[in-house]
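The file final_21.txt comes next; it holds compact mmCIF, N, CA and C atoms.
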```
# COMPACT_ATOMS: atom_id res chain seq x y z
N MET A 1 -28.07 -60.27 172.74
CA MET A 1 -28.19 -61.59 172.18
C MET A 1 -28.52 -62.58 173.29
N ALA A 2 -29.76 -62.57 173.69
CA ALA A 2 -30.20 -63.43 174.77
C ALA A 2 -30.08 -64.90 174.37
N GLY A 3 -29.75 -65.72 175.33
CA GLY A 3 -29.66 -67.14 175.09
C GLY A 3 -28.34 -67.64 174.54
N GLN A 4 -27.40 -66.74 174.32
CA GLN A 4 -26.10 -67.15 173.81
C GLN A 4 -25.08 -67.16 174.94
N LEU A 5 -24.22 -68.12 174.89
CA LEU A 5 -23.13 -68.18 175.86
C LEU A 5 -22.01 -67.25 175.41
N ARG A 6 -21.44 -66.57 176.36
CA ARG A 6 -20.30 -65.72 176.07
C ARG A 6 -19.17 -66.12 177.03
N PHE A 7 -18.00 -66.25 176.47
CA PHE A 7 -16.84 -66.63 177.26
C PHE A 7 -15.83 -65.51 177.25
N SER A 8 -15.20 -65.33 178.38
CA SER A 8 -14.11 -64.39 178.48
C SER A 8 -13.07 -65.02 179.40
N PRO A 9 -11.83 -64.58 179.29
CA PRO A 9 -10.81 -65.15 180.18
C PRO A 9 -11.20 -64.98 181.65
N THR A 10 -11.77 -63.83 181.98
CA THR A 10 -12.15 -63.57 183.37
C THR A 10 -13.22 -64.54 183.84
N SER A 11 -14.20 -64.84 182.98
CA SER A 11 -15.27 -65.75 183.38
C SER A 11 -14.72 -67.17 183.61
N TRP A 12 -13.77 -67.58 182.81
CA TRP A 12 -13.16 -68.90 183.00
C TRP A 12 -12.45 -68.96 184.35
N VAL A 13 -11.65 -67.95 184.64
CA VAL A 13 -10.90 -67.95 185.90
C VAL A 13 -11.85 -67.87 187.10
N THR A 14 -12.81 -66.95 187.02
CA THR A 14 -13.75 -66.76 188.12
C THR A 14 -14.55 -68.04 188.39
N ASN A 15 -15.09 -68.61 187.34
CA ASN A 15 -15.92 -69.80 187.52
C ASN A 15 -15.10 -71.05 187.83
N GLY A 16 -13.89 -71.10 187.35
CA GLY A 16 -13.00 -72.19 187.74
C GLY A 16 -12.71 -72.15 189.23
N ASN A 17 -12.47 -70.94 189.73
CA ASN A 17 -12.24 -70.79 191.17
C ASN A 17 -13.49 -71.17 191.97
N LYS A 18 -14.67 -70.85 191.43
CA LYS A 18 -15.92 -71.22 192.12
C LYS A 18 -16.09 -72.73 192.15
N LEU A 19 -15.75 -73.41 191.06
CA LEU A 19 -15.84 -74.88 191.05
C LEU A 19 -14.87 -75.49 192.06
N THR A 20 -13.67 -74.95 192.12
CA THR A 20 -12.69 -75.45 193.08
C THR A 20 -13.20 -75.24 194.51
N ALA A 21 -13.75 -74.07 194.77
CA ALA A 21 -14.30 -73.78 196.10
C ALA A 21 -15.47 -74.71 196.42
N ALA A 22 -16.31 -75.00 195.43
CA ALA A 22 -17.43 -75.92 195.64
C ALA A 22 -16.92 -77.31 196.00
N GLY A 23 -15.88 -77.74 195.33
CA GLY A 23 -15.28 -79.04 195.66
C GLY A 23 -14.72 -79.06 197.06
N ASP A 24 -14.04 -77.98 197.43
CA ASP A 24 -13.49 -77.89 198.79
C ASP A 24 -14.60 -77.87 199.84
N ASP A 25 -15.68 -77.12 199.56
CA ASP A 25 -16.82 -77.06 200.48
C ASP A 25 -17.49 -78.42 200.61
N LEU A 26 -17.65 -79.11 199.48
CA LEU A 26 -18.26 -80.44 199.51
C LEU A 26 -17.40 -81.40 200.32
N ALA A 27 -16.09 -81.34 200.14
CA ALA A 27 -15.19 -82.22 200.90
C ALA A 27 -15.33 -81.97 202.40
N SER A 28 -15.36 -80.72 202.78
CA SER A 28 -15.49 -80.38 204.19
C SER A 28 -16.85 -80.82 204.75
N ALA A 29 -17.91 -80.54 204.01
CA ALA A 29 -19.25 -80.91 204.46
C ALA A 29 -19.42 -82.42 204.53
N SER A 30 -18.87 -83.13 203.56
CA SER A 30 -19.04 -84.59 203.56
C SER A 30 -18.26 -85.22 204.71
N GLN A 31 -17.08 -84.70 205.01
CA GLN A 31 -16.32 -85.24 206.14
C GLN A 31 -17.06 -85.00 207.45
N SER A 32 -17.66 -83.82 207.57
CA SER A 32 -18.43 -83.50 208.76
C SER A 32 -19.65 -84.42 208.87
N PHE A 33 -20.34 -84.60 207.74
CA PHE A 33 -21.52 -85.46 207.73
C PHE A 33 -21.17 -86.90 208.07
N ILE A 34 -20.14 -87.42 207.42
CA ILE A 34 -19.75 -88.82 207.66
C ILE A 34 -19.36 -89.02 209.12
N SER A 35 -18.68 -88.05 209.70
CA SER A 35 -18.28 -88.21 211.10
C SER A 35 -19.48 -88.23 212.05
N THR A 36 -20.58 -87.58 211.64
CA THR A 36 -21.77 -87.58 212.51
C THR A 36 -22.64 -88.83 212.35
N VAL A 37 -22.53 -89.52 211.24
CA VAL A 37 -23.40 -90.69 211.01
C VAL A 37 -22.63 -92.01 211.01
N SER A 38 -21.37 -91.97 211.34
CA SER A 38 -20.55 -93.19 211.19
C SER A 38 -20.59 -94.14 212.38
N ASP A 39 -21.30 -93.80 213.43
CA ASP A 39 -21.32 -94.66 214.62
C ASP A 39 -22.39 -95.74 214.46
N PRO A 40 -21.97 -96.98 214.22
CA PRO A 40 -22.95 -98.05 214.02
C PRO A 40 -23.51 -98.61 215.33
N SER A 41 -23.14 -98.04 216.45
CA SER A 41 -23.60 -98.58 217.74
C SER A 41 -25.10 -98.42 217.94
N VAL A 42 -25.76 -97.59 217.13
CA VAL A 42 -27.21 -97.42 217.26
C VAL A 42 -27.95 -98.73 216.98
N PHE A 43 -27.29 -99.65 216.30
CA PHE A 43 -27.92 -100.93 216.00
C PHE A 43 -27.72 -101.95 217.11
N GLY A 44 -26.95 -101.55 218.10
CA GLY A 44 -26.64 -102.49 219.17
C GLY A 44 -25.60 -103.48 218.69
N GLY A 45 -25.41 -104.50 219.40
CA GLY A 45 -24.44 -105.50 219.01
C GLY A 45 -24.58 -106.73 219.87
N ASN A 46 -25.65 -106.71 220.64
CA ASN A 46 -25.87 -107.83 221.56
C ASN A 46 -26.55 -109.01 220.89
N ASP A 47 -27.04 -108.82 219.68
CA ASP A 47 -27.70 -109.92 218.98
C ASP A 47 -27.17 -110.00 217.55
N LEU A 48 -27.51 -111.05 216.88
CA LEU A 48 -27.03 -111.28 215.53
C LEU A 48 -27.51 -110.21 214.55
N VAL A 49 -28.77 -109.83 214.62
CA VAL A 49 -29.33 -108.84 213.70
C VAL A 49 -28.64 -107.49 213.90
N GLY A 50 -28.46 -107.08 215.13
CA GLY A 50 -27.78 -105.81 215.41
C GLY A 50 -26.35 -105.82 214.92
N SER A 51 -25.66 -106.93 215.12
CA SER A 51 -24.27 -107.03 214.68
C SER A 51 -24.16 -106.98 213.16
N VAL A 52 -25.04 -107.69 212.46
CA VAL A 52 -25.02 -107.69 211.00
C VAL A 52 -25.40 -106.31 210.47
N ALA A 53 -26.45 -105.70 211.05
CA ALA A 53 -26.88 -104.37 210.61
C ALA A 53 -25.77 -103.35 210.82
N ALA A 54 -25.08 -103.43 211.94
CA ALA A 54 -23.98 -102.50 212.22
C ALA A 54 -22.85 -102.67 211.20
N MET A 55 -22.56 -103.92 210.85
CA MET A 55 -21.50 -104.18 209.87
C MET A 55 -21.89 -103.63 208.50
N ILE A 56 -23.12 -103.90 208.07
CA ILE A 56 -23.58 -103.41 206.77
C ILE A 56 -23.63 -101.89 206.76
N TYR A 57 -24.13 -101.31 207.83
CA TYR A 57 -24.22 -99.85 207.92
C TYR A 57 -22.82 -99.23 207.84
N GLY A 58 -21.87 -99.82 208.55
CA GLY A 58 -20.50 -99.30 208.51
C GLY A 58 -19.92 -99.33 207.11
N LEU A 59 -20.17 -100.40 206.38
CA LEU A 59 -19.70 -100.51 205.00
C LEU A 59 -20.38 -99.48 204.10
N MET A 60 -21.68 -99.26 204.30
CA MET A 60 -22.41 -98.29 203.49
C MET A 60 -21.90 -96.87 203.75
N VAL A 61 -21.67 -96.54 205.01
CA VAL A 61 -21.15 -95.21 205.34
C VAL A 61 -19.76 -95.02 204.75
N GLU A 62 -18.94 -96.05 204.82
CA GLU A 62 -17.60 -95.98 204.24
C GLU A 62 -17.66 -95.76 202.73
N ARG A 63 -18.57 -96.47 202.07
CA ARG A 63 -18.72 -96.34 200.62
C ARG A 63 -19.24 -94.96 200.25
N LEU A 64 -20.21 -94.46 201.00
CA LEU A 64 -20.75 -93.12 200.76
C LEU A 64 -19.65 -92.07 200.93
N GLY A 65 -18.86 -92.21 201.97
CA GLY A 65 -17.75 -91.27 202.19
C GLY A 65 -16.77 -91.28 201.02
N GLY A 66 -16.48 -92.47 200.51
CA GLY A 66 -15.58 -92.57 199.36
C GLY A 66 -16.16 -91.92 198.12
N CYS A 67 -17.46 -92.11 197.89
CA CYS A 67 -18.11 -91.49 196.73
C CYS A 67 -18.10 -89.97 196.85
N LEU A 68 -18.42 -89.47 198.02
CA LEU A 68 -18.43 -88.02 198.22
C LEU A 68 -17.02 -87.43 198.08
N ASP A 69 -16.02 -88.14 198.57
CA ASP A 69 -14.64 -87.68 198.42
C ASP A 69 -14.24 -87.61 196.95
N THR A 70 -14.62 -88.64 196.20
CA THR A 70 -14.31 -88.67 194.76
C THR A 70 -15.01 -87.53 194.03
N LEU A 71 -16.25 -87.29 194.37
CA LEU A 71 -17.01 -86.20 193.76
C LEU A 71 -16.37 -84.85 194.08
N ALA A 72 -16.01 -84.65 195.33
CA ALA A 72 -15.38 -83.39 195.74
C ALA A 72 -14.04 -83.19 195.03
N GLU A 73 -13.24 -84.25 194.95
CA GLU A 73 -11.96 -84.16 194.25
C GLU A 73 -12.17 -83.83 192.78
N GLY A 74 -13.20 -84.41 192.18
CA GLY A 74 -13.50 -84.14 190.78
C GLY A 74 -13.88 -82.68 190.54
N PHE A 75 -14.73 -82.13 191.42
CA PHE A 75 -15.08 -80.71 191.32
C PHE A 75 -13.83 -79.84 191.42
N SER A 76 -13.01 -80.11 192.42
CA SER A 76 -11.81 -79.30 192.62
C SER A 76 -10.85 -79.41 191.44
N ALA A 77 -10.65 -80.62 190.95
CA ALA A 77 -9.74 -80.81 189.81
C ALA A 77 -10.28 -80.13 188.56
N HIS A 78 -11.58 -80.27 188.32
CA HIS A 78 -12.17 -79.63 187.14
C HIS A 78 -12.08 -78.11 187.26
N GLY A 79 -12.34 -77.60 188.45
CA GLY A 79 -12.23 -76.15 188.67
C GLY A 79 -10.82 -75.65 188.41
N SER A 80 -9.84 -76.42 188.84
CA SER A 80 -8.45 -76.04 188.61
C SER A 80 -8.13 -76.00 187.13
N LEU A 81 -8.63 -76.99 186.39
CA LEU A 81 -8.38 -77.02 184.95
C LEU A 81 -9.08 -75.87 184.23
N VAL A 82 -10.29 -75.55 184.65
CA VAL A 82 -11.01 -74.41 184.05
C VAL A 82 -10.26 -73.11 184.33
N THR A 83 -9.77 -72.96 185.55
CA THR A 83 -8.99 -71.77 185.90
C THR A 83 -7.73 -71.68 185.05
N GLN A 84 -7.03 -72.79 184.89
CA GLN A 84 -5.82 -72.80 184.06
C GLN A 84 -6.15 -72.45 182.62
N ALA A 85 -7.26 -72.97 182.11
CA ALA A 85 -7.67 -72.66 180.74
C ALA A 85 -7.93 -71.17 180.59
N GLY A 86 -8.56 -70.57 181.59
CA GLY A 86 -8.81 -69.13 181.56
C GLY A 86 -7.53 -68.32 181.57
N GLN A 87 -6.56 -68.78 182.34
CA GLN A 87 -5.28 -68.08 182.38
C GLN A 87 -4.54 -68.18 181.05
N VAL A 88 -4.58 -69.35 180.45
CA VAL A 88 -3.96 -69.53 179.13
C VAL A 88 -4.68 -68.66 178.10
N TYR A 89 -5.99 -68.63 178.19
CA TYR A 89 -6.81 -67.81 177.32
C TYR A 89 -6.42 -66.33 177.46
N GLN A 90 -6.23 -65.87 178.71
CA GLN A 90 -5.81 -64.48 178.95
C GLN A 90 -4.46 -64.19 178.30
N GLU A 91 -3.52 -65.10 178.48
CA GLU A 91 -2.18 -64.92 177.92
C GLU A 91 -2.22 -64.90 176.39
N LEU A 92 -3.00 -65.80 175.81
CA LEU A 92 -3.13 -65.86 174.36
C LEU A 92 -3.77 -64.59 173.81
N GLU A 93 -4.81 -64.14 174.48
CA GLU A 93 -5.49 -62.92 174.04
C GLU A 93 -4.56 -61.71 174.12
N ALA A 94 -3.79 -61.62 175.20
CA ALA A 94 -2.83 -60.52 175.34
C ALA A 94 -1.77 -60.57 174.25
N ALA A 95 -1.29 -61.76 173.93
CA ALA A 95 -0.28 -61.91 172.88
C ALA A 95 -0.86 -61.52 171.53
N GLN A 96 -2.10 -61.89 171.27
CA GLN A 96 -2.73 -61.55 170.00
C GLN A 96 -2.93 -60.04 169.87
N VAL A 97 -3.34 -59.40 170.95
CA VAL A 97 -3.50 -57.94 170.94
C VAL A 97 -2.16 -57.27 170.69
N SER A 98 -1.12 -57.75 171.35
CA SER A 98 0.22 -57.20 171.17
C SER A 98 0.70 -57.36 169.73
N THR A 99 0.47 -58.56 169.18
CA THR A 99 0.86 -58.80 167.79
C THR A 99 0.10 -57.87 166.84
N ALA A 100 -1.20 -57.74 167.05
CA ALA A 100 -2.01 -56.86 166.20
C ALA A 100 -1.53 -55.41 166.29
N GLN A 101 -1.19 -54.97 167.49
CA GLN A 101 -0.71 -53.60 167.67
C GLN A 101 0.63 -53.39 166.98
N SER A 102 1.48 -54.41 167.02
CA SER A 102 2.80 -54.26 166.37
C SER A 102 2.66 -54.25 164.86
N ILE A 103 1.68 -54.99 164.34
CA ILE A 103 1.44 -54.99 162.90
C ILE A 103 0.88 -53.63 162.47
N GLU A 104 -0.02 -53.08 163.24
CA GLU A 104 -0.60 -51.77 162.92
C GLU A 104 0.47 -50.68 162.98
N GLY A 105 1.42 -50.83 163.91
CA GLY A 105 2.46 -49.84 164.07
C GLY A 105 3.49 -49.83 162.95
N THR A 106 3.54 -50.87 162.14
CA THR A 106 4.54 -50.94 161.05
C THR A 106 4.01 -50.36 159.76
N ARG A 107 2.79 -49.92 159.74
CA ARG A 107 2.23 -49.36 158.48
C ARG A 107 2.75 -48.01 158.22
```

Structure encoded using structure tokens:
Amino acid sequence: MAGQLRFSPTSWVTNGNKLTAAGDDLASASQSFISTVSDPSVFGGNDLVGSVAAMIYGLMVERLGGCLDTLAEGFSAHGSLVTQAGQVYQELEAAQVSTAQSIEGTR
């Protein structure tokens, strides 16, 4: 059945863990990136234009860092919730199988 989505408890857990890892990787990469571009001294500071540019640049880098942190936290949180949903799905499926087996055994 090409083109259809199929869900299983394992796929939820596996992909939830991948989303969490992606969020963690993004957080690490963004912190590394921000630390390499956060020095506003490239604009100088001996004149008014350099001082203003450095101030604006510093604010932009700070804002970008905040956005990337929020995005990374969102990926990690969503991944955690997907993983939890998969675990609940596994438990529910196991309980349903157990119930079905006990019903079949009483015949």

Legend entry - Interatomic distance (Å, one decimal) between atom N of Ala77 in chain A and atom C of Leu26 in chain A: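 Computing the Euclidean distance for atom N of Ala77 in chain A and atom C of Leu26 in chain A yields 11.6 Å.
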
Inset, instruction - Tell me which of A:Gly74, A:Gly66, A:Pro40, A:Gly16 sits closest to Ala54 in chain A, counting only N, CA and C atoms. - result: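 Checking each candidate against Ala54 in chain A, we get A:Pro40 as the closest.
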
Legend entry - atom C of Gln31 in chain A to atom N of Leu68 in chain A, distance in Å rounded to a single decimal: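 That distance, rounded to one decimal, is 10.5 Å.
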
Inset, instruction - Record the distance separating atom N of Thr70 in chain A and atom N of Val52 in chain A, expressed in Å with one decimal. - result: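 Value for the atom N of Thr70 in chain A-atom N of Val52 in chain A distance: 27.1 Å.
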
Legend entry - Nearest to Thr20 in chain A by atom-to-atom distance, counting only C-alpha atoms, from A:Ser8, A:Ser80, A:Ser35, A:Ser41: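 The answer is A:Ser80, which sits nearest to Thr20 in chain A.
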
Inset, instruction - Find the residue from A:Asn17, A:Trp12, A:Ile56, A:Val61 that sits nearest to Ile34 in chain A; use only N, CA and C atoms when measuring. - result: A:Val61

Legend entry - Counting all atoms listed in the file, the residue of A:Thr10, A:Ser30, A:Thr36, A:His78 that sits nearest Gly65 in chain A: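 Residue with the minimum atom-to-atom distance to Gly65 in chain A: A:Ser30.
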
Which centre and which edge lengths, in Å to one decimal, describe the axis-aligned box that holds all listed atoms of range 46-60 of chain A after 4 Å is added on each side, as lines of an AutoDock Vina configuration file?
```
center_x = -24.5
center_y = -104.1
center_z = 212.5
size_x = 17.6
size_y = 22.4
size_z = 26.1
```

Inset, instruction - Might you pull out every residue within 6 Å of range 84-98 of chain A, with all atoms listed in the file counted and same-chain residues fewer than 4 positions away left off, and present them as number ranges by chain? - result: A: 9, 12-13, 79-80, 102-103

Inset, instruction - Using only C-alpha atoms, pick whichever of A:Arg6, A:Asp39, A:Lys18, A:Ser11 has the shortest atom-to-atom distance to Ser76 in chain A. - result: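 Checking each candidate against Ser76 in chain A, we get A:Lys18 as the closest.
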